[in-house]
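*Asks:* To be precise about what I am sending: the file is called upload39.cif and holds mmCIF, C-alpha atoms.
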data_protein
loop_
_atom_site.label_atom_id
_atom_site.label_comp_id
_atom_site.auth_asym_id
_atom_site.auth_seq_id
_atom_site.Cartn_x
_atom_site.Cartn_y
_atom_site.Cartn_z
CA MET A 38 -14.94 -7.09 -1.91
CA SER A 39 -12.25 -4.79 -3.24
CA LEU A 40 -10.77 -6.98 -5.97
CA GLY A 41 -7.88 -4.63 -6.80
CA THR A 42 -6.60 -5.22 -3.27
CA ALA A 43 -7.76 -8.78 -2.61
CA VAL A 44 -6.46 -10.38 -5.82
CA PRO A 45 -2.79 -9.34 -5.45
CA LEU A 46 -2.95 -10.30 -1.78
CA ALA A 47 -4.40 -13.73 -2.62
CA LYS A 48 -1.91 -14.28 -5.45
CA TYR A 49 1.34 -12.94 -3.97
CA GLY A 50 0.81 -12.47 -0.24
CA SER A 51 2.23 -14.78 2.39
CA ALA A 52 -0.11 -17.13 4.25
CA GLU A 53 0.25 -14.85 7.29
CA LEU A 54 -0.82 -11.74 5.36
CA GLN A 55 -3.69 -13.58 3.68
CA ALA A 56 -4.98 -14.78 7.06
CA ARG A 57 -4.65 -11.29 8.52
CA PHE A 58 -6.34 -9.29 5.75
CA LEU A 59 -8.45 -11.43 3.38
CA PRO A 60 -11.23 -12.15 5.90
CA GLN A 61 -11.79 -8.41 6.46
CA LEU A 62 -11.89 -7.75 2.71
CA SER A 63 -14.36 -10.57 1.99
CA ARG A 64 -16.97 -10.03 4.71
CA LYS A 65 -20.58 -9.84 3.57
CA ASP A 66 -21.83 -7.32 6.10
CA ASP A 67 -21.29 -3.68 7.01
CA SER A 68 -17.95 -4.43 8.66
CA VAL A 69 -16.29 -5.30 5.32
CA TRP A 70 -13.02 -3.49 4.70
CA GLN A 71 -12.62 -1.34 1.62
CA GLY A 72 -9.45 -1.77 -0.42
CA ALA A 73 -7.53 0.61 -2.62
CA THR A 74 -4.87 0.56 -5.32
CA TRP A 75 -2.29 3.37 -5.24
CA MET A 76 0.04 3.24 -8.23
CA THR A 77 -0.05 6.57 -10.09
CA GLU A 78 2.55 9.28 -9.63
CA ILE A 79 2.59 12.75 -11.15
CA LYS A 80 5.28 12.13 -13.79
CA GLY A 81 4.00 8.95 -15.33
CA GLY A 82 0.32 8.25 -15.12
CA SER A 83 -0.10 4.58 -15.88
CA ASP A 84 3.51 3.98 -17.02
CA LEU A 85 4.55 2.43 -13.74
CA GLY A 86 7.92 1.12 -14.83
CA ALA A 87 9.20 4.50 -15.93
CA ALA A 88 7.55 6.76 -13.41
CA VAL A 89 7.36 5.27 -9.91
CA GLU A 90 9.65 7.30 -7.67
CA MET A 91 8.22 6.20 -4.32
CA ILE A 92 11.10 4.51 -2.50
CA ALA A 93 10.82 1.57 -0.13
CA ARG A 94 13.60 1.26 2.43
CA PRO A 95 13.92 -1.71 4.77
CA THR A 96 14.04 -0.71 8.42
CA GLY A 97 14.59 -3.87 10.41
CA ASP A 98 11.51 -6.06 10.09
CA ALA A 99 9.47 -3.33 8.37
CA TRP A 100 9.56 -1.00 5.36
CA LEU A 101 9.53 2.79 5.17
CA LEU A 102 7.78 4.14 2.07
CA THR A 103 8.50 7.73 1.06
CA GLY A 104 7.05 9.61 -1.88
CA GLU A 105 3.75 10.81 -3.29
CA LYS A 106 0.85 9.17 -5.10
CA TYR A 107 -1.72 10.98 -7.22
CA PHE A 108 -5.24 10.02 -8.30
CA THR A 109 -5.54 7.43 -5.58
CA SER A 110 -8.59 5.18 -5.63
CA ASN A 111 -10.68 4.96 -2.48
CA ALA A 112 -8.39 7.16 -0.39
CA GLY A 113 -10.15 6.29 2.87
CA ALA A 114 -9.76 2.53 2.46
CA GLU A 115 -8.70 0.31 5.33
CA LEU A 116 -6.04 -1.42 3.19
CA ALA A 117 -4.18 -0.28 0.06
CA VAL A 118 -1.86 -1.98 -2.42
CA VAL A 119 0.95 0.49 -3.17
CA ALA A 120 3.63 0.31 -5.87
CA ALA A 121 7.10 1.40 -4.73
CA ARG A 122 10.67 0.82 -5.79
CA PRO A 123 12.86 -0.84 -3.17
CA GLU A 124 16.03 1.17 -2.62
CA GLY A 125 18.65 0.00 -5.12
CA ALA A 126 16.17 -1.97 -7.26
CA ALA A 127 16.49 -2.08 -11.03
CA ALA A 128 14.85 0.56 -13.19
CA GLY A 129 11.69 -0.37 -15.04
CA VAL A 130 8.68 -2.37 -14.03
CA ARG A 131 10.73 -5.39 -12.86
CA GLY A 132 12.26 -3.25 -10.11
CA LEU A 133 8.89 -2.46 -8.55
CA ALA A 134 7.36 -4.11 -5.51
CA LEU A 135 3.81 -4.08 -4.14
CA PHE A 136 3.22 -3.25 -0.49
CA LEU A 137 0.12 -3.62 1.64
CA VAL A 138 -0.53 -0.44 3.58
CA PRO A 139 -3.14 -0.68 6.34
CA ARG A 140 -4.97 2.52 7.17
CA TYR A 141 -4.03 2.21 10.82
CA ARG A 142 -0.90 0.95 12.54
CA LYS A 143 -1.14 -1.76 15.19
CA ASP A 144 -1.02 0.98 17.86
CA GLY A 145 -4.12 2.65 16.35
CA GLU A 146 -2.27 5.63 14.85
CA LEU A 147 -3.00 6.68 11.26
CA ASN A 148 -0.47 5.10 8.90
CA TYR A 149 -0.43 7.69 6.11
CA LEU A 150 -1.35 11.32 5.39
CA PHE A 151 -3.32 13.03 2.64
CA ALA A 152 -2.52 16.37 1.04
CA ALA A 153 -5.16 17.63 -1.39
CA SER A 154 -5.56 14.92 -4.05
CA ARG A 155 -2.19 13.38 -3.19
CA THR A 156 -1.46 10.56 -0.80
CA ARG A 157 1.78 10.89 1.11
CA LEU A 158 3.33 7.97 2.90
CA PRO A 159 5.68 9.74 5.30
CA PRO A 160 7.74 8.02 7.97
CA ALA A 161 5.44 5.08 8.56
CA LEU A 162 6.49 1.50 9.08
CA PHE A 163 4.90 -1.53 7.49
CA LEU A 164 5.32 -5.28 7.76
CA PRO A 165 7.54 -6.66 5.02
CA GLU A 166 5.44 -7.68 2.03
CA LYS A 167 7.92 -10.00 0.37
#
In structure tokens, what does this structure look like?
*Replies:*
Amino acid sequence: MSLGTAVPLAKYGSAELQARFLPQLSRKDDSVWQGATWMTEIKGGSDLGAAVEMIARPTGDAWLLTGEKYFTSNAGAELAVVAARPEGAAAGVRGLALFLVPRYRKDGELNYLFAASRTRLPPALFLPEK
């Protein structure tokens, strides 16, 4: 089990998101999903409140995340927890939100791109993780 992904999902995720993702993260066979935690950006290291520039914009019933992450853990994971700042949110750590980013969209297309050691989340839509 990927605790860095499963714990925030279990603690803050809706019942729908928990039912959708926790079983895959907690399997005890070779089909278990790997999780990841993508927080770090180039300007701030672990100082999330001051440095997260990734923006989350609502687009109907989904979110568009734009920006770059560095030093991502488990870059090939099936599900990642990503820190982003909703557009117009307060500065500092209290303005941050966590989003679940599945590796693949419902249509089977890849949901994010990699560039060297950076993870880019270009125009890709996600379910609201409120």
*Asks:* One decimal, in Å: what's the spacing between CA of Ala43 in chain A and CA of Gly125 in chain A?
*Replies:*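 Atom-to-atom, CA of Ala43 in chain A to CA of Gly125 in chain A, that is 27.9 Å.
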*Asks:* Under the rule of at most 7 Å, produce a per-residue listing of range 85-106 of chain A near range 71-81 of chain A: chain, number, name, the closest pair of atoms, and the distance in Å, as JSON lines, using all atoms listed in the file.
*Replies:*
{"residue": "A:Leu85", "atom": "CA", "partner": "A:Gly81", "partner_atom": "CA", "distance": 6.7}
{"residue": "A:Ala87", "atom": "CA", "partner": "A:Gly81", "partner_atom": "CA", "distance": 6.9}
{"residue": "A:Ala88", "atom": "CA", "partner": "A:Gly81", "partner_atom": "CA", "distance": 4.6}
{"residue": "A:Val89", "atom": "CA", "partner": "A:Glu78", "partner_atom": "CA", "distance": 6.3}
{"residue": "A:Glu105", "atom": "CA", "partner": "A:Glu78", "partner_atom": "CA", "distance": 6.6}
{"residue": "A:Lys106", "atom": "CA", "partner": "A:Glu78", "partner_atom": "CA", "distance": 4.8}
*Asks:* With C-alpha atoms kept, could you save the residues just selected as a CSV table (one decimal), keeping the file's coordinate frame?
*Replies:*
chain,number,residue,atom,x,y,z
A,85,LEU,CA,4.6,2.4,-13.7
A,87,ALA,CA,9.2,4.5,-15.9
A,88,ALA,CA,7.6,6.8,-13.4
A,89,VAL,CA,7.4,5.3,-9.9
A,105,GLU,CA,3.8,10.8,-3.3
A,106,LYS,CA,0.8,9.2,-5.1
*Asks:* Could you state the separation of CA of Ala56 in chain A and CA of Met91 in chain A in Å, given to one decimal place?
*Replies:*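 Between these atoms lies a distance of 27.3 Å.
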*Asks:* Could you work out how far CA of Ala47 in chain A lies from CA of Thr96 in chain A, giving the answer in Å with one decimal?
*Replies:*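 Value for the CA of Thr96 in chain A-CA of Ala47 in chain A distance: 25.1 Å.
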*Asks:* Hey, which of A:Glu146, A:Gly132, A:Glu124, A:Glu115 ends up closest to Ser68 in chain A? Count all atoms listed in the file.
*Replies:*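 Nearest to Ser68 in chain A: A:Glu115.
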*Asks:* Between A:Leu54, A:Tyr149, A:Asp67, A:Leu62, which one has atoms that come closest to Leu101 in chain A, using only C-alpha atoms?
*Replies:* A:Tyr149
*Asks:* Rank A:Pro60, A:Val138, A:Leu133, A:Trp100 by their smallest atom-to-atom distance to Val118 in chain A, using only C-alpha atoms, and report the top residue only.
*Replies:*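 That would be A:Val138, the residue with the smallest distance to Val118 in chain A.
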*Asks:* Got a sec: who's within 7 Å of Pro139 in chain A, counting all atoms listed in the file, leaving out chain neighbours fewer than 5 positions off, as a ChimeraX atom specification?
*Replies:* /A:115-117,148
*Asks:* Mind checking which residues fall within 8 Å of Ala121 in chain A, counting only C-alpha atoms, ignoring those fewer than 5 positions away in the same chain, and posting them as number ranges by chain?
*Replies:* A: 89-93, 102, 133-136
*Asks:* From the options A:Ser83, A:Ser63, A:Thr103, A:Thr109, which residue's atoms come nearest to Arg122 in chain A, counting all atoms listed in the file?
*Replies:*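 Among A:Ser83, A:Ser63, A:Thr103, A:Thr109, it is A:Thr103 that comes nearest to Arg122 in chain A.
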